[in-house]
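Single-structure report; data block below.
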Amino acid sequence: MSLEGKSAVITGSTSGIGLAIARALAAQEVNVVLNGFGDADAIETERKRIEREFGVRALYSPADMTRPVKIQGLINLAQKAFGGPDIVINNAGIQFVSPIEEFPVEKWDDIIAINLSSAFHTIRAALPGMKERGWGRIIQTASAHSLVASPFKAAYVAAKHGIAGLTKTVALEAATHGVTCNCISPGYVWTPLVEKQIPETMAARNMTEDQVINDVLLAAQPTKQFVTVDQVASLAVFLCTDAASSITGANISMDGGWTAA
Ligand code: NAD
């Protein structure tokens, strides 16, 4: 099935997994709205590159995922420009690593807002249009941490378990409307988010960089390899096809066997 002419909002798509999903959808002729933070020139260069490379329209919104009003604005932008969004990828996320006794309250609030509540807000705003059109795809970048925990990641694990629950509820509510809602749950993917938590984990666990990579990050993954952003993006594209129309409410692991253990 062609996705030509559909439109997608991908939160947190200026980097890492979100950017790879945006590019993979654009390669299927989907018009995209990019979102996230970063250097303005670099974002504009990437936006233009997507338009040139794939012959689609690519817009950018700096909407902050901690702010419900801005999230509504992001969905409105896709509505105005493309009559959509037909596809919502809830991907924006941050991490913070600390023992719970010292976990900064503001970090807890930010992680819950960005990694969990923002998905509620995008879905709340986008679902009515999807139902009206009788077609929609909602995909959350969850995590292996939506299924299992690790120490020192209280907020992240709570948010990711929450998003798995939200996914199931939305899947049930949308089931007869041609709209599916699923989680993709990667293990460790080599992105700036993972790179950033290495120094924090070194401090929290009193380890060297090599120890964090091999004994903490890849220790969990039986394959001993990082998942790639392109692998996650390929699964997201598949979930948007007609072949995947009976997959809904699922939490699909892509974690090198981590949660099989
Ligand atoms: P990343 O740091 O490369 O990208 C995060 C994106 O979110 C960036 O575009 C950033 O600008 C954006 N963002 C952050 N705060 C924002 C805010 N307040 N408003 C709008 N955008 C904001 O990280 P990534 O590894 O690509 O992570 C993407 C998603 O994948 C996250 O939800 C993360 O939890 C999840 N994930 C990552 C891994 C991994 O190992 N990298 C594994 C499992 C799940």
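By convention here, the chains of the structure tokens are called A, B, ... in the order presented, each chain's residues are numbered starting at 1, and ligands are numbered starting at 1 in the order presented.
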Counting only C-alpha atoms and all ligand atoms, which protein, DNA or RNA residues come within 7 Å of ligand 1, given as a PyMOL selection string? chain A and resi 11-18+35-38+62-66+91-95+114-115+141-144+185-194
As a VMD selection string, which residues of segment 50-254 of chain A does DSSP assign to strand (DSSP E)? chain A and resid 58 to 61 87 to 90 136 to 141 179 to 186 251 to 254
All residues 10 Å or closer to Gly5 of chain A, only C-alpha atoms, same chain fewer than 2 positions away omitted, as a compact mmCIF listing (two decimals) with all heavy atoms, in the first residue's frame:
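Output file result.txt follows:
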# COMPACT_ATOMS: atom_id res chain seq x y z
N SER A 2 0.45 2.23 -0.75
CA SER A 2 1.22 3.47 -0.76
C SER A 2 0.73 4.39 0.36
O SER A 2 -0.46 4.46 0.65
CB SER A 2 1.01 4.16 -2.10
OG SER A 2 1.44 5.48 -2.02
N LEU A 3 1.67 5.06 0.96
CA LEU A 3 1.29 6.05 1.98
C LEU A 3 1.28 7.45 1.37
O LEU A 3 1.18 8.45 2.07
CB LEU A 3 2.26 5.98 3.15
CG LEU A 3 2.24 4.69 3.99
CD1 LEU A 3 3.37 4.68 5.01
CD2 LEU A 3 0.90 4.53 4.70
N SER A 7 -0.12 12.39 5.89
CA SER A 7 0.74 13.33 6.61
C SER A 7 1.01 12.82 8.01
O SER A 7 0.19 12.11 8.60
CB SER A 7 0.09 14.71 6.68
OG SER A 7 -1.12 14.63 7.39
N ALA A 8 2.16 13.19 8.52
CA ALA A 8 2.59 12.69 9.83
C ALA A 8 3.18 13.81 10.68
O ALA A 8 3.88 14.68 10.17
CB ALA A 8 3.63 11.59 9.65
N GLN A 28 8.35 7.24 1.95
CA GLN A 28 7.09 6.62 1.48
C GLN A 28 6.09 7.69 1.03
O GLN A 28 4.89 7.45 1.01
CB GLN A 28 6.47 5.79 2.62
CG GLN A 28 7.33 4.67 3.15
CD GLN A 28 7.69 3.66 2.08
OE1 GLN A 28 6.86 3.28 1.28
NE2 GLN A 28 8.95 3.26 2.06
N GLU A 29 6.60 8.87 0.72
CA GLU A 29 5.80 9.98 0.19
C GLU A 29 4.79 10.55 1.18
O GLU A 29 3.72 11.01 0.81
CB GLU A 29 5.12 9.56 -1.12
CG GLU A 29 6.17 9.14 -2.16
CD GLU A 29 5.54 8.64 -3.45
OE1 GLU A 29 5.21 9.50 -4.27
OE2 GLU A 29 5.36 7.42 -3.58
N VAL A 30 5.14 10.49 2.44
CA VAL A 30 4.33 11.09 3.49
C VAL A 30 4.86 12.51 3.76
O VAL A 30 6.06 12.71 3.91
CB VAL A 30 4.42 10.26 4.79
CG1 VAL A 30 3.72 10.95 5.95
CG2 VAL A 30 3.86 8.86 4.57
N ASN A 31 3.93 13.50 3.78
CA ASN A 31 4.32 14.85 4.20
C ASN A 31 4.53 14.85 5.71
O ASN A 31 3.72 14.26 6.44
CB ASN A 31 3.22 15.85 3.84
CG ASN A 31 3.04 15.97 2.33
OD1 ASN A 31 4.01 16.14 1.59
ND2 ASN A 31 1.80 15.86 1.88
N VAL A 56 8.55 15.53 -0.93
CA VAL A 56 7.37 15.75 -0.09
C VAL A 56 7.47 17.14 0.53
O VAL A 56 8.47 17.83 0.36
CB VAL A 56 7.30 14.71 1.06
CG1 VAL A 56 7.13 13.31 0.50
CG2 VAL A 56 8.52 14.80 1.97
N ARG A 57 6.42 17.54 1.25
CA ARG A 57 6.55 18.76 2.04
C ARG A 57 6.96 18.40 3.46
O ARG A 57 6.46 17.44 4.04
CB ARG A 57 5.23 19.53 2.04
CG ARG A 57 4.99 20.21 0.69
CD ARG A 57 3.77 21.09 0.74
NE ARG A 57 3.93 22.18 1.68
CZ ARG A 57 2.90 22.81 2.27
NH1 ARG A 57 1.67 22.43 2.03
NH2 ARG A 57 3.12 23.83 3.09
N PHE A 82 -2.00 20.13 5.85
CA PHE A 82 -2.15 18.84 5.14
C PHE A 82 -3.52 18.19 5.33
O PHE A 82 -3.76 17.10 4.81
CB PHE A 82 -1.08 17.84 5.67
CG PHE A 82 0.34 18.33 5.54
CD1 PHE A 82 1.20 18.26 6.64
CD2 PHE A 82 0.83 18.83 4.35
CE1 PHE A 82 2.52 18.70 6.53
CE2 PHE A 82 2.14 19.26 4.23
CZ PHE A 82 2.99 19.20 5.33
N ASP A 86 -2.55 12.20 9.61
CA ASP A 86 -3.03 10.82 9.50
C ASP A 86 -2.21 9.89 10.40
O ASP A 86 -2.66 8.82 10.77
CB ASP A 86 -2.90 10.33 8.05
CG ASP A 86 -3.60 11.27 7.09
OD1 ASP A 86 -4.83 11.43 7.22
OD2 ASP A 86 -2.92 11.87 6.24
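DSSP secondary structure from the backbone places Gly16, Ile17, Gly18, Leu19, Ala20, Ile21, Ala22, Arg23, Ala24, Leu25, Ala26, Ala27, Ala40, Asp41, Ala42, Ile43, Glu44, Thr45, Glu46, Arg47, Lys48, Arg49, Ile50, Glu51, Arg52, Glu53 and Phe54 of chain A of segment 12-65 of chain A in helix (DSSP H, G or I).
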Write a file of the just-selected residues containing N, CA and C atoms, as a PDB file, in the first residue's frame.
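File produced: selection_39.pdb:
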ATOM      1  N   GLY A  16      18.131  11.628  16.354  1.00  0.00           N
ATOM      2  CA  GLY A  16      17.958  10.231  16.734  1.00  0.00           C
ATOM      3  C   GLY A  16      16.850   9.462  16.035  1.00  0.00           C
ATOM      4  N   ILE A  17      16.062   8.739  16.843  1.00  0.00           N
ATOM      5  CA  ILE A  17      15.034   7.846  16.314  1.00  0.00           C
ATOM      6  C   ILE A  17      13.947   8.630  15.570  1.00  0.00           C
ATOM      7  N   GLY A  18      13.532   9.754  16.139  1.00  0.00           N
ATOM      8  CA  GLY A  18      12.456  10.547  15.518  1.00  0.00           C
ATOM      9  C   GLY A  18      12.832  11.015  14.129  1.00  0.00           C
ATOM     10  N   LEU A  19      14.059  11.482  13.976  1.00  0.00           N
ATOM     11  CA  LEU A  19      14.514  11.943  12.660  1.00  0.00           C
ATOM     12  C   LEU A  19      14.533  10.776  11.668  1.00  0.00           C
ATOM     13  N   ALA A  20      14.992   9.621  12.115  1.00  0.00           N
ATOM     14  CA  ALA A  20      15.026   8.447  11.227  1.00  0.00           C
ATOM     15  C   ALA A  20      13.602   8.047  10.815  1.00  0.00           C
ATOM     16  N   ILE A  21      12.645   8.126  11.731  1.00  0.00           N
ATOM     17  CA  ILE A  21      11.256   7.797  11.379  1.00  0.00           C
ATOM     18  C   ILE A  21      10.704   8.838  10.402  1.00  0.00           C
ATOM     19  N   ALA A  22      10.983  10.103  10.645  1.00  0.00           N
ATOM     20  CA  ALA A  22      10.497  11.154   9.733  1.00  0.00           C
ATOM     21  C   ALA A  22      11.037  10.927   8.322  1.00  0.00           C
ATOM     22  N   ARG A  23      12.311  10.608   8.228  1.00  0.00           N
ATOM     23  CA  ARG A  23      12.922  10.386   6.904  1.00  0.00           C
ATOM     24  C   ARG A  23      12.331   9.129   6.237  1.00  0.00           C
ATOM     25  N   ALA A  24      12.105   8.087   7.035  1.00  0.00           N
ATOM     26  CA  ALA A  24      11.560   6.846   6.468  1.00  0.00           C
ATOM     27  C   ALA A  24      10.119   7.049   5.989  1.00  0.00           C
ATOM     28  N   LEU A  25       9.342   7.832   6.715  1.00  0.00           N
ATOM     29  CA  LEU A  25       7.972   8.119   6.265  1.00  0.00           C
ATOM     30  C   LEU A  25       8.000   9.003   5.013  1.00  0.00           C
ATOM     31  N   ALA A  26       8.890   9.982   4.996  1.00  0.00           N
ATOM     32  CA  ALA A  26       9.010  10.854   3.822  1.00  0.00           C
ATOM     33  C   ALA A  26       9.399  10.019   2.590  1.00  0.00           C
ATOM     34  N   ALA A  27      10.221   9.004   2.798  1.00  0.00           N
ATOM     35  CA  ALA A  27      10.609   8.119   1.686  1.00  0.00           C
ATOM     36  C   ALA A  27       9.406   7.362   1.135  1.00  0.00           C
ATOM     37  N   ALA A  40      18.987  25.976  14.960  1.00  0.00           N
ATOM     38  CA  ALA A  40      17.981  26.378  13.962  1.00  0.00           C
ATOM     39  C   ALA A  40      18.466  26.122  12.529  1.00  0.00           C
ATOM     40  N   ASP A  41      19.730  26.433  12.256  1.00  0.00           N
ATOM     41  CA  ASP A  41      20.253  26.240  10.897  1.00  0.00           C
ATOM     42  C   ASP A  41      20.302  24.761  10.532  1.00  0.00           C
ATOM     43  N   ALA A  42      20.728  23.949  11.486  1.00  0.00           N
ATOM     44  CA  ALA A  42      20.821  22.498  11.226  1.00  0.00           C
ATOM     45  C   ALA A  42      19.426  21.914  10.974  1.00  0.00           C
ATOM     46  N   ILE A  43      18.437  22.387  11.725  1.00  0.00           N
ATOM     47  CA  ILE A  43      17.066  21.882  11.547  1.00  0.00           C
ATOM     48  C   ILE A  43      16.537  22.297  10.172  1.00  0.00           C
ATOM     49  N   GLU A  44      16.806  23.546   9.797  1.00  0.00           N
ATOM     50  CA  GLU A  44      16.323  24.034   8.493  1.00  0.00           C
ATOM     51  C   GLU A  44      17.009  23.267   7.351  1.00  0.00           C
ATOM     52  N   THR A  45      18.280  22.980   7.516  1.00  0.00           N
ATOM     53  CA  THR A  45      19.010  22.207   6.502  1.00  0.00           C
ATOM     54  C   THR A  45      18.388  20.820   6.356  1.00  0.00           C
ATOM     55  N   GLU A  46      18.082  20.191   7.477  1.00  0.00           N
ATOM     56  CA  GLU A  46      17.485  18.847   7.444  1.00  0.00           C
ATOM     57  C   GLU A  46      16.077  18.900   6.808  1.00  0.00           C
ATOM     58  N   ARG A  47      15.308  19.918   7.187  1.00  0.00           N
ATOM     59  CA  ARG A  47      13.943  20.067   6.639  1.00  0.00           C
ATOM     60  C   ARG A  47      13.994  20.171   5.107  1.00  0.00           C
ATOM     61  N   LYS A  48      14.901  21.010   4.618  1.00  0.00           N
ATOM     62  CA  LYS A  48      15.028  21.194   3.161  1.00  0.00           C
ATOM     63  C   LYS A  48      15.516  19.920   2.496  1.00  0.00           C
ATOM     64  N   ARG A  49      16.451  19.230   3.173  1.00  0.00           N
ATOM     65  CA  ARG A  49      17.004  17.992   2.609  1.00  0.00           C
ATOM     66  C   ARG A  49      15.891  16.951   2.422  1.00  0.00           C
ATOM     67  N   ILE A  50      15.003  16.856   3.398  1.00  0.00           N
ATOM     68  CA  ILE A  50      13.889  15.891   3.294  1.00  0.00           C
ATOM     69  C   ILE A  50      13.003  16.256   2.103  1.00  0.00           C
ATOM     70  N   GLU A  51      12.694  17.525   1.939  1.00  0.00           N
ATOM     71  CA  GLU A  51      11.836  17.945   0.812  1.00  0.00           C
ATOM     72  C   GLU A  51      12.494  17.614  -0.524  1.00  0.00           C
ATOM     73  N   ARG A  52      13.790  17.912  -0.601  1.00  0.00           N
ATOM     74  CA  ARG A  52      14.528  17.719  -1.857  1.00  0.00           C
ATOM     75  C   ARG A  52      14.678  16.228  -2.176  1.00  0.00           C
ATOM     76  N   GLU A  53      15.078  15.478  -1.138  1.00  0.00           N
ATOM     77  CA  GLU A  53      15.409  14.065  -1.339  1.00  0.00           C
ATOM     78  C   GLU A  53      14.176  13.231  -1.685  1.00  0.00           C
ATOM     79  N   PHE A  54      13.050  13.546  -1.026  1.00  0.00           N
ATOM     80  CA  PHE A  54      11.881  12.669  -1.139  1.00  0.00           C
ATOM     81  C   PHE A  54      10.699  13.295  -1.881  1.00  0.00           C
TER      82      PHE A  54
END
Show me, as a compact mmCIF listing (two decimals) with N, CA and C atoms, in the first residue's frame, the residues that have an atom within 12 Å of segment 206-210 of chain A when counting only C-alpha atoms, minus same-chain residues fewer than 6 positions from it.
# COMPACT_ATOMS: atom_id res chain seq x y z
N GLU A 195 24.07 8.50 24.53
CA GLU A 195 25.40 9.07 24.76
C GLU A 195 25.42 9.95 26.01
N LYS A 196 24.32 10.76 26.15
CA LYS A 196 24.24 11.72 27.25
C LYS A 196 24.17 11.04 28.61
N GLN A 197 23.56 9.85 28.68
CA GLN A 197 23.37 9.25 30.01
C GLN A 197 24.62 8.48 30.48
N ILE A 198 25.62 8.38 29.59
CA ILE A 198 26.82 7.65 29.99
C ILE A 198 27.53 8.34 31.17
N PRO A 199 27.80 9.69 31.09
CA PRO A 199 28.44 10.32 32.25
C PRO A 199 27.59 10.24 33.52
N GLU A 200 26.26 10.37 33.36
CA GLU A 200 25.39 10.31 34.55
C GLU A 200 25.47 8.91 35.20
N VAL A 216 26.61 -2.17 31.61
CA VAL A 216 25.26 -1.67 31.93
C VAL A 216 24.40 -1.69 30.67
N LEU A 217 24.84 -0.96 29.63
CA LEU A 217 23.97 -0.82 28.46
C LEU A 217 23.86 -2.15 27.72
N LEU A 218 24.97 -2.63 27.18
CA LEU A 218 24.89 -3.84 26.36
C LEU A 218 24.77 -5.11 27.20
N ALA A 219 24.97 -4.99 28.50
CA ALA A 219 24.78 -6.17 29.37
C ALA A 219 23.35 -6.67 29.26
From A:Ile163, A:Leu147, A:Val170, A:Ala243, residue lying nearest Arg124 of chain A [only C-alpha atoms]: A:Val170
I'd like the contact shell of segment 175-182 of chain A - 8 Å cut-off, only C-alpha atoms, skipping same-chain residues fewer than 5 positions apart - returned as number ranges by chain. A: 130-131, 134-140, 167-168, 170, 245-252
